[in-house]
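Asker: Pasting protein-v6.txt below, which is compact mmCIF, C-alpha atoms.
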```txt
# COMPACT_ATOMS: atom_id res chain seq x y z
CA MET A 416 0.00 0.00 0.00
CA LEU A 417 1.11 3.53 -0.80
CA GLY A 418 0.11 6.15 1.76
CA LEU A 419 0.13 9.94 1.86
CA TYR A 420 0.39 11.55 5.29
CA GLY A 421 -0.58 15.20 5.47
CA PRO A 422 -2.83 17.98 6.76
CA GLY A 423 -5.06 18.18 3.70
CA SER A 424 -3.36 20.98 1.78
CA ALA A 425 -4.02 21.71 -1.89
CA ARG A 426 -0.74 19.89 -2.59
CA ASP A 427 -2.09 16.83 -0.75
CA HIS A 428 -5.32 17.07 -2.73
CA ALA A 429 -3.42 17.21 -6.03
CA CYS A 430 -1.35 14.15 -5.11
CA LEU A 431 -4.48 12.25 -4.07
CA LEU A 432 -6.38 13.10 -7.25
CA ARG A 433 -3.47 11.81 -9.31
CA LEU A 434 -2.91 8.65 -7.23
CA HIS A 435 -6.64 7.85 -7.29
CA LYS A 436 -6.67 8.24 -11.07
CA GLU A 437 -3.86 5.67 -11.28
CA SER A 438 -5.22 3.41 -8.52
CA GLU A 439 -6.74 0.56 -10.52
CA GLY A 440 -5.36 -2.58 -8.88
CA ARG A 441 -3.42 -0.50 -6.34
CA ASP A 442 -4.18 0.22 -2.71
CA ILE A 443 -3.75 3.83 -1.57
CA ARG A 444 -4.64 5.65 1.64
CA PHE A 445 -4.67 9.24 2.81
CA PHE A 446 -3.59 9.46 6.45
CA ASN A 447 -5.28 12.71 7.33
CA CYS A 448 -4.05 14.82 10.25
CA GLY A 449 -5.91 17.97 9.19
CA THR A 450 -9.37 19.47 8.93
CA ASN A 451 -10.01 19.82 5.19
CA ALA A 452 -13.64 18.68 5.01
CA VAL A 453 -13.42 17.76 1.32
CA LEU A 454 -10.55 15.33 1.87
CA SER A 455 -11.89 14.00 5.18
CA ARG A 456 -14.89 12.58 3.31
CA LEU A 457 -12.82 10.54 0.86
CA PRO A 458 -13.56 6.80 1.20
CA TRP A 459 -9.85 6.02 1.45
CA ALA A 460 -9.07 8.73 4.03
CA VAL A 461 -8.00 7.55 7.48
CA THR A 462 -8.10 10.11 10.31
CA VAL A 463 -4.93 10.16 12.42
CA PRO A 464 -4.09 12.36 15.43
CA GLU A 465 -3.25 16.00 14.72
CA GLU A 466 0.25 17.23 15.66
CA ASN A 467 1.35 13.73 16.71
CA PRO A 468 3.43 12.06 13.98
CA SER A 469 4.39 9.15 16.25
CA GLU A 470 0.77 8.12 16.82
CA ALA A 471 -0.02 8.75 13.16
CA ALA A 472 2.85 6.46 12.16
CA LYS A 473 1.55 3.65 14.36
CA ARG A 474 -1.91 3.92 12.83
CA THR A 475 -0.43 4.01 9.34
CA ARG A 476 1.58 0.85 10.00
CA GLU A 477 -1.52 -0.87 11.37
CA GLU A 478 -3.37 -0.02 8.16
CA GLY A 479 -0.64 -1.79 6.18
CA ALA A 480 1.15 1.08 4.46
CA ARG A 481 4.48 0.05 2.95
CA ILE A 482 5.64 3.32 1.38
CA VAL A 483 4.56 6.77 2.61
CA LEU A 484 4.84 10.16 0.92
CA ILE A 485 5.18 13.23 3.19
CA THR A 486 5.42 16.70 1.62
CA ASP A 487 4.22 19.10 4.32
CA ALA A 488 6.94 21.44 5.62
CA GLU A 489 5.64 21.60 9.19
CA LEU A 490 5.32 17.81 9.46
CA LEU A 491 8.85 17.43 8.13
CA GLN A 492 10.11 19.92 10.72
CA ALA A 493 8.26 17.88 13.37
CA ALA A 494 10.32 14.76 12.54
CA ALA A 495 7.44 12.95 10.84
CA VAL A 496 9.74 11.00 8.54
CA ASP A 497 11.78 9.78 11.51
CA ALA A 498 8.60 8.61 13.28
CA PHE A 499 7.36 6.66 10.27
CA ARG A 500 10.73 5.03 9.71
CA ARG A 501 10.79 3.87 13.31
CA GLU A 502 7.59 2.00 12.53
CA GLY A 503 9.35 0.17 9.69
CA MET A 504 7.96 2.07 6.69
CA THR A 505 9.83 3.42 3.69
CA VAL A 506 9.28 7.18 3.42
CA LEU A 507 9.76 9.61 0.55
CA GLY A 508 10.79 12.80 2.30
CA PRO A 509 13.67 14.21 4.38
CA ASP A 510 14.29 13.22 7.98
CA LEU A 511 14.56 15.90 10.66
CA HIS A 512 18.26 16.42 10.06
CA ALA A 513 17.85 16.97 6.31
CA SER A 514 14.75 19.12 6.78
CA ARG A 515 16.95 21.66 8.58
CA LEU A 516 17.96 22.75 5.10
CA GLU A 517 14.58 24.47 4.81
CA GLY A 518 14.24 25.18 8.50
CA SER A 519 17.17 27.61 8.48
CA LYS A 520 18.00 29.89 5.56
CA ALA A 521 21.37 30.66 7.16
CA LEU A 522 22.27 26.96 7.02
CA MET A 523 21.12 26.74 3.41
CA LYS A 524 23.20 29.78 2.49
CA THR A 525 26.30 28.26 4.09
CA LEU A 526 25.89 24.94 2.29
CA VAL A 527 25.36 26.41 -1.16
CA GLY A 528 28.19 28.87 -0.55
CA ASP A 529 30.50 25.92 0.19
CA ALA A 530 29.35 24.39 -3.11
CA HIS A 531 30.15 27.65 -4.98
CA VAL A 532 26.54 27.89 -6.15
CA PRO A 533 25.73 31.48 -7.20
CA SER A 534 23.39 33.05 -4.66
CA PRO A 535 22.82 36.68 -3.60
CA GLU A 536 25.09 37.92 -0.83
CA SER A 537 23.33 37.82 2.54
CA TRP A 538 23.81 38.64 6.21
CA LEU A 539 22.29 37.04 9.32
CA VAL A 540 21.19 39.59 11.93
CA LYS A 541 19.85 38.61 15.34
CA THR A 542 17.90 41.68 16.43
CA ALA A 543 15.62 44.34 14.94
CA ASP A 544 18.13 47.04 15.90
CA ASP A 545 20.93 45.26 14.06
CA ALA A 546 18.75 44.81 10.99
CA LYS A 547 17.71 48.46 10.93
CA THR A 548 21.27 49.66 11.40
CA PHE A 549 22.39 47.50 8.49
CA LEU A 550 19.64 48.83 6.22
CA ARG A 551 20.34 52.47 7.13
CA ASP A 552 24.05 51.99 6.48
CA HIS A 553 23.71 50.16 3.15
CA TRP A 554 20.44 51.11 1.43
CA SER A 555 20.77 53.25 -1.69
CA PRO A 556 18.98 53.60 -5.04
CA SER A 557 21.39 51.05 -6.52
CA GLU A 558 21.65 48.82 -3.42
CA GLN A 559 18.39 47.28 -2.20
CA PHE A 560 17.59 44.26 -0.07
CA VAL A 561 15.12 41.47 0.63
CA ILE A 562 14.31 40.67 4.27
CA LYS A 563 13.59 37.06 5.25
CA THR A 564 13.02 35.17 8.46
CA ASP A 565 15.88 32.76 9.06
CA HIS A 566 13.57 30.07 10.45
CA LEU A 567 10.58 28.66 8.63
CA ILE A 568 7.24 30.09 9.77
CA ARG A 569 3.71 29.48 8.54
CA ASP A 570 3.02 33.16 7.89
CA GLY A 571 3.66 33.56 4.15
CA LYS A 572 3.22 37.33 4.27
CA HIS A 573 6.13 37.78 6.68
CA ARG A 574 8.36 34.88 5.66
CA SER A 575 9.96 37.06 2.99
CA MET A 576 9.40 40.75 2.28
CA VAL A 577 10.65 42.92 -0.58
CA PRO A 578 10.59 46.59 0.44
CA ASP A 579 10.68 49.27 -2.23
CA ASN A 580 12.44 51.88 -0.08
CA LEU A 581 14.31 52.25 3.18
CA ASN A 582 11.29 53.28 5.26
CA GLU A 583 9.36 50.22 4.09
CA GLY A 584 12.36 48.09 4.96
CA LEU A 585 12.50 49.42 8.52
CA LEU A 586 8.79 48.70 8.98
CA ASP A 587 9.19 45.23 7.48
CA VAL A 588 11.90 44.41 10.02
CA ASP A 589 9.50 45.07 12.91
CA GLU A 590 6.74 43.04 11.22
CA GLU A 591 8.99 40.05 10.63
CA ILE A 592 10.39 40.05 14.16
CA ALA A 593 6.80 40.18 15.47
CA ALA A 594 5.88 37.25 13.18
CA LEU A 595 8.82 35.23 14.52
CA LEU A 596 7.74 35.89 18.09
CA LYS A 597 4.13 34.97 17.30
CA ALA A 598 5.31 31.70 15.76
CA HIS A 599 7.60 31.01 18.76
CA ALA A 600 10.44 30.64 16.24
CA ALA A 601 14.06 31.11 17.20
CA GLY A 602 16.67 32.90 15.15
CA GLY A 603 16.86 36.25 13.47
CA LEU A 604 16.55 37.72 10.01
CA ILE A 605 18.39 37.21 6.75
CA ILE A 606 19.08 40.39 4.82
CA GLU A 607 19.79 39.48 1.22
CA ARG A 608 21.02 41.62 -1.63
CA ARG A 609 18.18 42.09 -4.12
CA VAL A 610 18.83 40.83 -7.65
CA ALA A 611 16.87 41.60 -10.81
CA GLY A 612 15.50 39.01 -13.21
CA PHE A 613 12.71 36.50 -13.72
CA GLU A 614 11.85 34.32 -10.72
CA THR A 615 10.87 30.70 -11.25
CA SER A 616 10.38 27.54 -9.19
CA VAL A 617 12.61 24.61 -10.14
CA HIS A 618 11.47 21.21 -8.86
CA VAL A 619 13.65 18.12 -8.59
CA LEU A 620 12.84 14.61 -7.37
CA TRP A 621 15.95 12.98 -5.92
CA ASP A 622 16.59 9.45 -4.67
CA GLY A 623 19.94 10.27 -3.07
CA SER A 624 21.95 9.49 -6.20
CA SER A 625 19.96 10.33 -9.34
CA TYR A 626 17.37 13.01 -9.96
CA ALA A 627 14.54 14.02 -12.29
CA LEU A 628 14.05 17.66 -13.28
CA PHE A 629 10.45 18.86 -13.56
CA PRO A 630 9.24 21.44 -16.13
CA PRO A 631 9.33 25.20 -15.47
CA VAL A 632 6.62 26.66 -13.26
CA ARG A 633 5.90 30.24 -12.25
CA ASP A 634 4.65 30.75 -8.70
CA TYR A 635 2.57 33.88 -8.10
CA LYS A 636 3.17 34.74 -4.45
CA GLN A 637 1.81 38.27 -4.17
CA VAL A 638 -1.87 38.76 -3.55
CA GLY A 639 -2.56 41.37 -6.23
CA ASP A 640 -2.43 41.55 -10.02
CA GLY A 641 0.87 42.71 -11.45
CA ASP A 642 2.71 41.18 -8.46
CA ARG A 643 1.44 43.88 -6.12
CA GLY A 644 0.63 43.70 -2.44
CA PRO A 645 1.88 41.40 0.32
CA ASN A 646 2.99 37.83 -0.20
CA THR A 647 0.63 34.91 0.23
CA ASN A 648 1.64 31.28 0.68
CA GLY A 649 1.02 31.02 -3.08
CA ALA A 650 -1.83 32.65 -5.01
CA ALA A 651 -1.53 30.96 -8.42
CA ALA A 652 0.83 28.93 -10.61
CA LEU A 653 1.48 28.32 -14.30
CA ALA A 654 3.70 25.60 -15.83
CA PHE A 655 4.79 24.51 -19.31
CA GLY A 656 5.26 20.81 -20.09
CA GLY A 657 7.78 21.45 -22.85
CA GLY A 658 10.51 22.06 -20.33
CA PHE A 659 13.10 24.79 -19.97
CA SER A 660 14.85 26.13 -23.02
CA PRO A 661 18.06 24.10 -23.60
CA GLY A 662 20.42 26.85 -22.49
CA ILE A 663 18.56 27.54 -19.26
CA GLU A 664 18.22 23.84 -18.46
CA GLN A 665 21.93 23.26 -18.92
CA ALA A 666 22.77 26.23 -16.70
CA LEU A 667 20.33 25.09 -14.01
CA ARG A 668 21.81 21.61 -13.93
CA THR A 669 25.49 22.59 -13.94
CA ARG A 670 25.40 25.86 -11.94
CA LEU A 671 22.75 25.10 -9.31
CA ILE A 672 21.22 21.63 -9.10
CA GLU A 673 24.14 19.24 -9.37
CA PRO A 674 26.62 21.22 -7.24
CA THR A 675 23.92 21.55 -4.55
CA LEU A 676 23.06 17.83 -4.55
CA GLU A 677 26.75 16.92 -4.39
CA GLN A 678 27.25 19.30 -1.46
CA LEU A 679 24.25 17.83 0.39
CA GLN A 680 25.79 14.38 0.03
CA ARG A 681 29.19 15.59 1.27
CA SER A 682 27.56 17.36 4.21
CA ALA A 683 25.35 14.40 5.26
CA TYR A 684 22.13 16.16 4.27
CA SER A 685 21.30 13.66 1.54
CA TYR A 686 17.77 12.23 1.45
CA ARG A 687 15.14 10.80 -0.89
CA GLY A 688 12.45 13.26 -1.82
CA PHE A 689 11.68 16.56 -3.50
CA LEU A 690 13.74 19.74 -3.65
CA TYR A 691 12.35 23.10 -4.62
CA PHE A 692 14.92 25.58 -5.89
CA GLY A 693 13.74 29.18 -5.86
CA VAL A 694 15.67 30.65 -8.78
CA MET A 695 16.16 34.09 -10.27
CA LEU A 696 17.09 34.06 -13.95
CA THR A 697 19.42 37.01 -14.32
CA SER A 698 21.36 38.44 -17.25
CA GLU A 699 24.41 36.60 -15.88
CA GLY A 700 22.67 33.25 -15.51
CA PRO A 701 20.49 31.54 -12.88
CA VAL A 702 20.98 32.51 -9.24
CA LEU A 703 19.72 30.47 -6.28
CA LEU A 704 17.40 32.32 -3.86
CA GLU A 705 16.26 29.47 -1.59
CA ILE A 706 15.85 25.72 -1.23
CA ASN A 707 12.83 23.90 0.16
CA VAL A 708 12.77 20.18 0.89
CA ARG A 709 9.27 19.57 -0.50
CA PRO A 710 7.27 20.56 -3.58
CA GLY A 711 5.66 23.98 -3.89
CA ASN A 712 1.99 24.62 -3.18
CA PRO A 713 0.17 25.28 -5.53
CA GLU A 714 2.95 24.69 -8.09
CA PHE A 715 2.85 20.93 -7.62
CA ALA A 716 -0.81 20.76 -8.61
CA VAL A 717 -0.07 22.12 -12.08
CA LEU A 718 3.14 20.11 -12.49
CA LEU A 719 1.28 16.88 -11.75
CA ASP A 720 -1.35 17.88 -14.31
CA LEU A 721 1.39 17.89 -16.97
CA LEU A 722 2.93 14.54 -15.95
CA ALA A 723 2.32 11.99 -18.71
CA SER A 724 3.92 9.04 -16.93
CA ASP A 725 2.85 7.27 -13.74
CA PHE A 726 3.13 9.27 -10.51
CA HIS A 727 2.63 6.18 -8.32
CA ASP A 728 5.65 4.48 -9.93
CA LEU A 729 7.68 7.67 -9.63
CA VAL A 730 7.04 7.88 -5.88
CA GLU A 731 7.73 4.18 -5.24
CA ASN A 732 10.96 4.09 -7.24
CA ALA A 733 12.30 7.29 -5.69
CA ALA A 734 11.47 6.05 -2.19
CA VAL A 735 13.52 2.86 -2.61
CA GLY A 736 16.42 4.50 -4.45
CA SER A 737 15.66 3.28 -7.97
CA LEU A 738 14.46 6.47 -9.63
CA HIS A 739 16.45 5.56 -12.76
CA ARG A 740 13.96 2.74 -13.38
CA ALA A 741 10.95 5.06 -13.51
CA SER A 742 9.63 6.62 -16.69
CA VAL A 743 9.36 10.41 -16.38
CA THR A 744 7.55 11.99 -19.33
CA TRP A 745 5.50 15.15 -19.76
CA HIS A 746 2.78 16.57 -21.96
CA THR A 747 5.28 18.65 -23.86
CA ASP A 748 2.78 20.69 -25.89
CA ARG A 749 0.61 21.83 -22.99
CA TYR A 750 0.41 24.45 -20.26
CA ALA A 751 -1.24 23.95 -16.87
CA GLY A 752 -2.37 26.60 -14.42
CA CYS A 753 -4.37 27.18 -11.28
CA VAL A 754 -5.57 30.17 -9.25
CA PHE A 755 -6.60 30.15 -5.58
CA ALA A 756 -9.88 31.61 -4.40
CA MET A 757 -8.76 33.39 -1.24
CA ALA A 758 -10.63 34.52 1.86
CA LYS A 759 -11.48 38.06 2.84
CA ASP A 760 -8.58 39.81 4.66
CA TYR A 761 -6.05 37.14 3.58
CA PRO A 762 -3.01 37.39 3.65
CA GLU A 763 -3.29 40.09 6.30
CA THR A 764 -4.57 37.33 8.57
CA GLU A 765 -5.16 33.57 8.50
CA ASP A 766 -7.79 33.95 11.24
CA VAL A 767 -10.60 34.65 8.79
CA ALA A 768 -14.35 34.61 9.43
CA VAL A 769 -16.03 31.24 8.92
CA THR A 770 -18.18 31.80 5.84
CA PRO A 771 -20.46 29.48 3.81
CA ILE A 772 -19.23 28.50 0.34
CA GLU A 773 -21.59 28.09 -2.60
CA GLY A 774 -20.83 26.06 -5.72
CA LEU A 775 -17.75 24.22 -4.49
CA GLU A 776 -19.42 20.82 -3.97
CA GLU A 777 -20.28 20.49 -7.66
CA ILE A 778 -16.86 21.71 -8.81
CA VAL A 779 -14.95 19.33 -6.54
CA ALA A 780 -17.01 16.42 -7.89
CA GLU A 781 -15.61 17.18 -11.37
CA GLY A 782 -12.11 16.27 -10.11
CA ARG A 783 -10.25 19.32 -11.44
CA THR A 784 -10.14 21.55 -8.35
CA VAL A 785 -7.87 21.24 -5.33
CA THR A 786 -8.96 22.48 -1.90
CA GLU A 787 -7.29 23.56 1.31
CA ALA A 788 -8.93 25.66 4.07
CA VAL A 789 -12.42 24.17 3.78
CA GLY A 790 -14.51 23.20 6.80
CA LEU A 791 -18.08 22.15 7.52
CA LEU A 792 -20.90 24.15 9.06
CA PRO A 793 -23.24 22.32 11.50
CA GLN A 794 -25.78 21.76 8.71
CA GLY A 795 -23.13 20.11 6.53
CA ARG A 796 -22.39 22.98 4.14
CA LEU A 797 -18.78 23.67 3.12
CA ALA A 798 -17.26 26.77 4.69
CA VAL A 799 -14.19 29.02 4.56
CA THR A 800 -11.81 28.28 7.46
CA GLY A 801 -8.51 29.84 6.37
CA GLY A 802 -6.72 31.91 3.79
CA ARG A 803 -6.55 29.76 0.65
CA ILE A 804 -9.77 27.92 -0.17
CA ALA A 805 -9.80 26.22 -3.57
CA ALA A 806 -7.85 26.33 -6.83
CA PRO A 807 -9.27 25.09 -10.15
CA VAL A 808 -6.61 23.38 -12.30
CA ALA A 809 -6.67 23.35 -16.11
CA ASN A 810 -4.33 22.37 -18.91
CA ALA A 811 -4.47 23.27 -22.59
CA GLN A 812 -2.24 24.03 -25.56
CA SER A 813 -2.22 27.77 -24.88
CA ILE A 814 -2.06 30.00 -21.83
CA GLU A 815 -5.25 31.77 -22.95
CA LYS A 816 -7.21 28.51 -22.96
CA VAL A 817 -5.87 27.62 -19.51
CA LYS A 818 -6.96 31.02 -18.22
CA SER A 819 -10.43 30.65 -19.74
CA GLU A 820 -10.99 27.31 -18.03
CA VAL A 821 -9.57 28.36 -14.66
CA TYR A 822 -11.48 31.62 -14.43
CA GLY A 823 -14.63 29.99 -15.75
CA THR A 824 -14.51 27.53 -12.87
CA LEU A 825 -13.64 30.22 -10.32
CA SER A 826 -16.75 32.16 -11.36
CA ARG A 827 -18.86 29.26 -10.09
CA ILE A 828 -17.43 29.50 -6.55
CA ARG A 829 -19.05 32.08 -4.27
CA PHE A 830 -18.41 33.21 -0.72
CA ASP A 831 -18.32 36.54 1.07
CA GLY A 832 -15.09 38.44 0.49
CA MET A 833 -13.71 36.01 -2.10
CA HIS A 834 -10.81 37.40 -4.14
CA TYR A 835 -8.15 36.03 -6.47
CA ARG A 836 -5.42 36.95 -8.91
CA GLY A 837 -6.93 37.86 -12.26
CA ASP A 838 -3.70 37.87 -14.29
CA LEU A 839 -2.56 34.25 -14.62
CA GLY A 840 0.28 34.30 -17.15
CA TYR A 841 1.53 37.73 -16.05
CA GLY A 842 5.25 38.27 -16.59
CA ILE A 843 5.96 34.97 -18.32
CA ALA A 844 9.41 35.16 -19.88
CA ASP A 845 9.73 33.86 -23.44
CA ASN A 846 13.13 32.35 -22.72
CA LEU A 847 11.67 30.35 -19.81
CA PHE A 848 8.55 28.93 -21.41
CA ALA A 849 10.05 27.77 -24.68
CA GLY A 850 6.67 27.28 -26.29
CA SER A 851 5.23 30.69 -25.41
```
Could you render the structure from this file as structure tokens?
Answerer:
Amino acid sequence: MLGLYGPGSARDHACLLRLHKESEGRDIRFFNCGTNAVLSRLPWAVTVPEENPSEAAKRTREEGARIVLITDAELLQAAAVDAFRREGMTVLGPDLHASRLEGSKALMKTLVGDAHVPSPESWLVKTADDAKTFLRDHWSPSEQFVIKTDHLIRDGKHRSMVPDNLNEGLLDVDEEIAALLKAHAAGGLIIERRVAGFETSVHVLWDGSSYALFPPVRDYKQVGDGDRGPNTNGAAALAFGGGFSPGIEQALRTRLIEPTLEQLQRSAYSYRGFLYFGVMLTSEGPVLLEINVRPGNPEFAVLLDLLASDFHDLVENAAVGSLHRASVTWHTDRYAGCVFAMAKDYPETEDVAVTPIEGLEEIVAEGRTVTEAVGLLPQGRLAVTGGRIAAPVANAQSIEKVKSEVYGTLSRIRFDGMHYRGDLGYGIADNLFAGS
């Protein structure tokens, strides 16, 4: 049996839709530690204790799971992989030690620096006063900075901020320190030199020795059209199955991916699972901004929609170290995209008002929409319970057709205060999406 353990994110939903589609003659289970009402009602969902990976692992073993996929950042930081391995299961995902790579940006910066991977210069500061002093001393029209929390926090708005001027930067420092305190997270801030270019998400599946590179995907983090407003945890995504242009792909492999994987092996951070490289394509070549040890959300939903080969086989082979045996093919002439319907006042707050949702039941039944912060009202109606609610997924041979399908589906979802990005496809670089 193949199991997925997770809180019911849109990424979980995308994986489950794909695994269910491929499930003829195969046994799959969703070991659900969250509150997504749509996923809780699945016939193959098994409820396991929230915030207790050890108990969840015992239940998963009792159900007969042999291989388990874990992609949630918070579960990885809570040593979920270690707990499941102690129960004798094979897990695709990093253990607690390897997950530190995402848990601390300072650690990540050190490792990629040792590998001579190009990455913007950065400085770790421990206090708000130190951060503000640095910004006052160094900010200029030609010298600007990004401010990031060193440690991983749930708050997407304050995890990384890109001020447009010094005064905004000083305010952002206070906001990020407050977000760290609210999250009970240790550490300080990373101040990183800002670089210009086109930002893209680069996904790799790695079995500790070989890897598969996924197609290019653009993640739309900011809440407003034209990349305006505060960051979300991900507002939309667009991918192209034809892959990166040859020159960019070669540069990604030789400048970023392979040196990083080799350094992780040398530094005992090797694991079997996904890596997400946040990359800026600059005039001087690709530059690494960050590394995550799991797939992006919602990027993974659109990447899976372009996968022509078998996802189940991909997961199983990667988990046991035989990724080279798996077929990895893509719908090379197609684009895939999705856009989140988001709650009123998000991303200013995740503590949104519980609000009834109309139209989602019918859309979910069509199997092309992934859900996340969806709960149940006492009378059984679906309701808003968090920031990101649902994201219709579509693929087609043009970006315009993808947009038409996605926004057509979004128009059928209704709840008070609903908002979403209306510019899917914005800023796509011709040299990234080779078919555009």
Asker: Show which residues sit within 10 Å of region 469-482 of chain A, as a VMD selection string. Count only C-alpha atoms, and ignore same-chain residues fewer than 5 positions away.
Answerer: chain A and resid 416 to 420 442 to 448 461 to 464 493 to 507 730 to 731 734 to 735
Asker: Counting all atoms listed in the file, what are the residues of region 475-514 of chain A within 8 Å of region 697-713 of chain A, and for each of them which pair of atoms is the nearest and at what distance in Å, to one decimal? Sort the table by chain and rising number, as a tab-separated table.
Answerer:
```
residue	atom	partner	partner_atom	distance
A:Thr486	CA	A:Arg709	CA	5.2
A:Asp487	CA	A:Arg709	CA	7.0
A:Ala488	CA	A:Arg709	CA	6.8
A:Gly508	CA	A:Arg709	CA	7.5
A:Pro509	CA	A:Val708	CA	7.0
A:Ser514	CA	A:Val708	CA	6.3
```
Asker: So which residues fall inside 9 Å of (16.1, 16.7, -17.9) if we count all atoms listed in the file? Mind giving them as JSON, numbers by chain?
Answerer: {"A": [626, 627, 628, 629, 630, 658, 659, 664, 665, 668]}
Asker: Give me a file of those residues, with C-alpha atoms, as an mmCIF file, in the frame of the given file.
Answerer:
```cif
data_model
loop_
_atom_site.group_PDB
_atom_site.id
_atom_site.type_symbol
_atom_site.label_atom_id
_atom_site.label_comp_id
_atom_site.auth_asym_id
_atom_site.auth_seq_id
_atom_site.Cartn_x
_atom_site.Cartn_y
_atom_site.Cartn_z
ATOM 1 C CA TYR A 626 17.370 13.010 -9.960
ATOM 2 C CA ALA A 627 14.540 14.020 -12.290
ATOM 3 C CA LEU A 628 14.050 17.660 -13.280
ATOM 4 C CA PHE A 629 10.450 18.860 -13.560
ATOM 5 C CA PRO A 630 9.240 21.440 -16.130
ATOM 6 C CA GLY A 658 10.510 22.060 -20.330
ATOM 7 C CA PHE A 659 13.100 24.790 -19.970
ATOM 8 C CA GLU A 664 18.220 23.840 -18.460
ATOM 9 C CA GLN A 665 21.930 23.260 -18.920
ATOM 10 C CA ARG A 668 21.810 21.610 -13.930
#
```
Asker: What separation in Å, quoted to one decimal, exists between CA of Asp728 (chain A) and CA of Ser742 (chain A)?
Answerer: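 Taking CA of Asp728 (chain A) as the start and CA of Ser742 (chain A) as the end point, the length is 8.1 Å.
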Asker: Quick one: pull the distance between CA of Ile605 (chain A) and CA of Gly639 (chain A), Å, one decimal.
Answerer: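 About the pair CA of Ile605 (chain A) and CA of Gly639 (chain A): they are 25.0 Å apart.
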Asker: Quick one: residues within 6 Å of region 783-791 of chain A, only C-alpha atoms, excluding same-chain residues fewer than 5 positions away - as a list in words?
Answerer: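 Near neighbours after the sequence-gap exclusion: Ser424, Ala425, His428, Asn451, Ala452, Arg796, Leu797, Ala798, Val799, Thr800, Gly801, Arg803, Ile804, Ala805, Ala806, Pro807 and Val808 of chain A.
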Asker: Please compute the CA of Ala666 (chain A)-CA of Asp529 (chain A) distance, one decimal, in Å.
Answerer: 18.6 Å
Asker: Considering only C-alpha atoms, state which residue in the set A:Ala600, A:Leu620, A:Ala530, A:Leu585 is at the smallest distance from Ala741 (chain A).
Answerer: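 Checking each of A:Ala600, A:Leu620, A:Ala530, A:Leu585 against Ala741 (chain A), counting only C-alpha atoms, the winner is A:Leu620.
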Asker: Around the point (28.1, 21.4, -2.7) (coordinates from the file), which residues reach within 12 Å if we count only C-alpha atoms? Answer as number ranges by chain.
Answerer: A: 523-533, 669-685
Asker: Those residues you just picked out, can you put them in a file as a PDB file, in the coordinates of the input with C-alpha atoms?
Answerer:
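As a result, selection.pdb now contains:
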```pdb
ATOM      1  CA  MET A 523      21.120  26.740   3.410  1.00  0.00           C
ATOM      2  CA  LYS A 524      23.200  29.780   2.490  1.00  0.00           C
ATOM      3  CA  THR A 525      26.300  28.260   4.090  1.00  0.00           C
ATOM      4  CA  LEU A 526      25.890  24.940   2.290  1.00  0.00           C
ATOM      5  CA  VAL A 527      25.360  26.410  -1.160  1.00  0.00           C
ATOM      6  CA  GLY A 528      28.190  28.870  -0.550  1.00  0.00           C
ATOM      7  CA  ASP A 529      30.500  25.920   0.190  1.00  0.00           C
ATOM      8  CA  ALA A 530      29.350  24.390  -3.110  1.00  0.00           C
ATOM      9  CA  HIS A 531      30.150  27.650  -4.980  1.00  0.00           C
ATOM     10  CA  VAL A 532      26.540  27.890  -6.150  1.00  0.00           C
ATOM     11  CA  PRO A 533      25.730  31.480  -7.200  1.00  0.00           C
ATOM     12  CA  THR A 669      25.490  22.590 -13.940  1.00  0.00           C
ATOM     13  CA  ARG A 670      25.400  25.860 -11.940  1.00  0.00           C
ATOM     14  CA  LEU A 671      22.750  25.100  -9.310  1.00  0.00           C
ATOM     15  CA  ILE A 672      21.220  21.630  -9.100  1.00  0.00           C
ATOM     16  CA  GLU A 673      24.140  19.240  -9.370  1.00  0.00           C
ATOM     17  CA  PRO A 674      26.620  21.220  -7.240  1.00  0.00           C
ATOM     18  CA  THR A 675      23.920  21.550  -4.550  1.00  0.00           C
ATOM     19  CA  LEU A 676      23.060  17.830  -4.550  1.00  0.00           C
ATOM     20  CA  GLU A 677      26.750  16.920  -4.390  1.00  0.00           C
ATOM     21  CA  GLN A 678      27.250  19.300  -1.460  1.00  0.00           C
ATOM     22  CA  LEU A 679      24.250  17.830   0.390  1.00  0.00           C
ATOM     23  CA  GLN A 680      25.790  14.380   0.030  1.00  0.00           C
ATOM     24  CA  ARG A 681      29.190  15.590   1.270  1.00  0.00           C
ATOM     25  CA  SER A 682      27.560  17.360   4.210  1.00  0.00           C
ATOM     26  CA  ALA A 683      25.350  14.400   5.260  1.00  0.00           C
ATOM     27  CA  TYR A 684      22.130  16.160   4.270  1.00  0.00           C
ATOM     28  CA  SER A 685      21.300  13.660   1.540  1.00  0.00           C
TER      29      SER A 685
END
```
Asker: Between A:Thr824, A:Thr548, A:Val561, A:Gln812, which has the minimum distance to Asp748 (chain A) (counting only C-alpha atoms)?
Answerer: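 Counting only C-alpha atoms, the residue closest to Asp748 (chain A) is A:Gln812.
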Asker: Compare A:Val577, A:Cys430, A:Val540, A:Ala521 by their minimum atom-to-atom distance to Ile592 (chain A), counting all atoms listed in the file, and give me the closest one.
Answerer: A:Val540
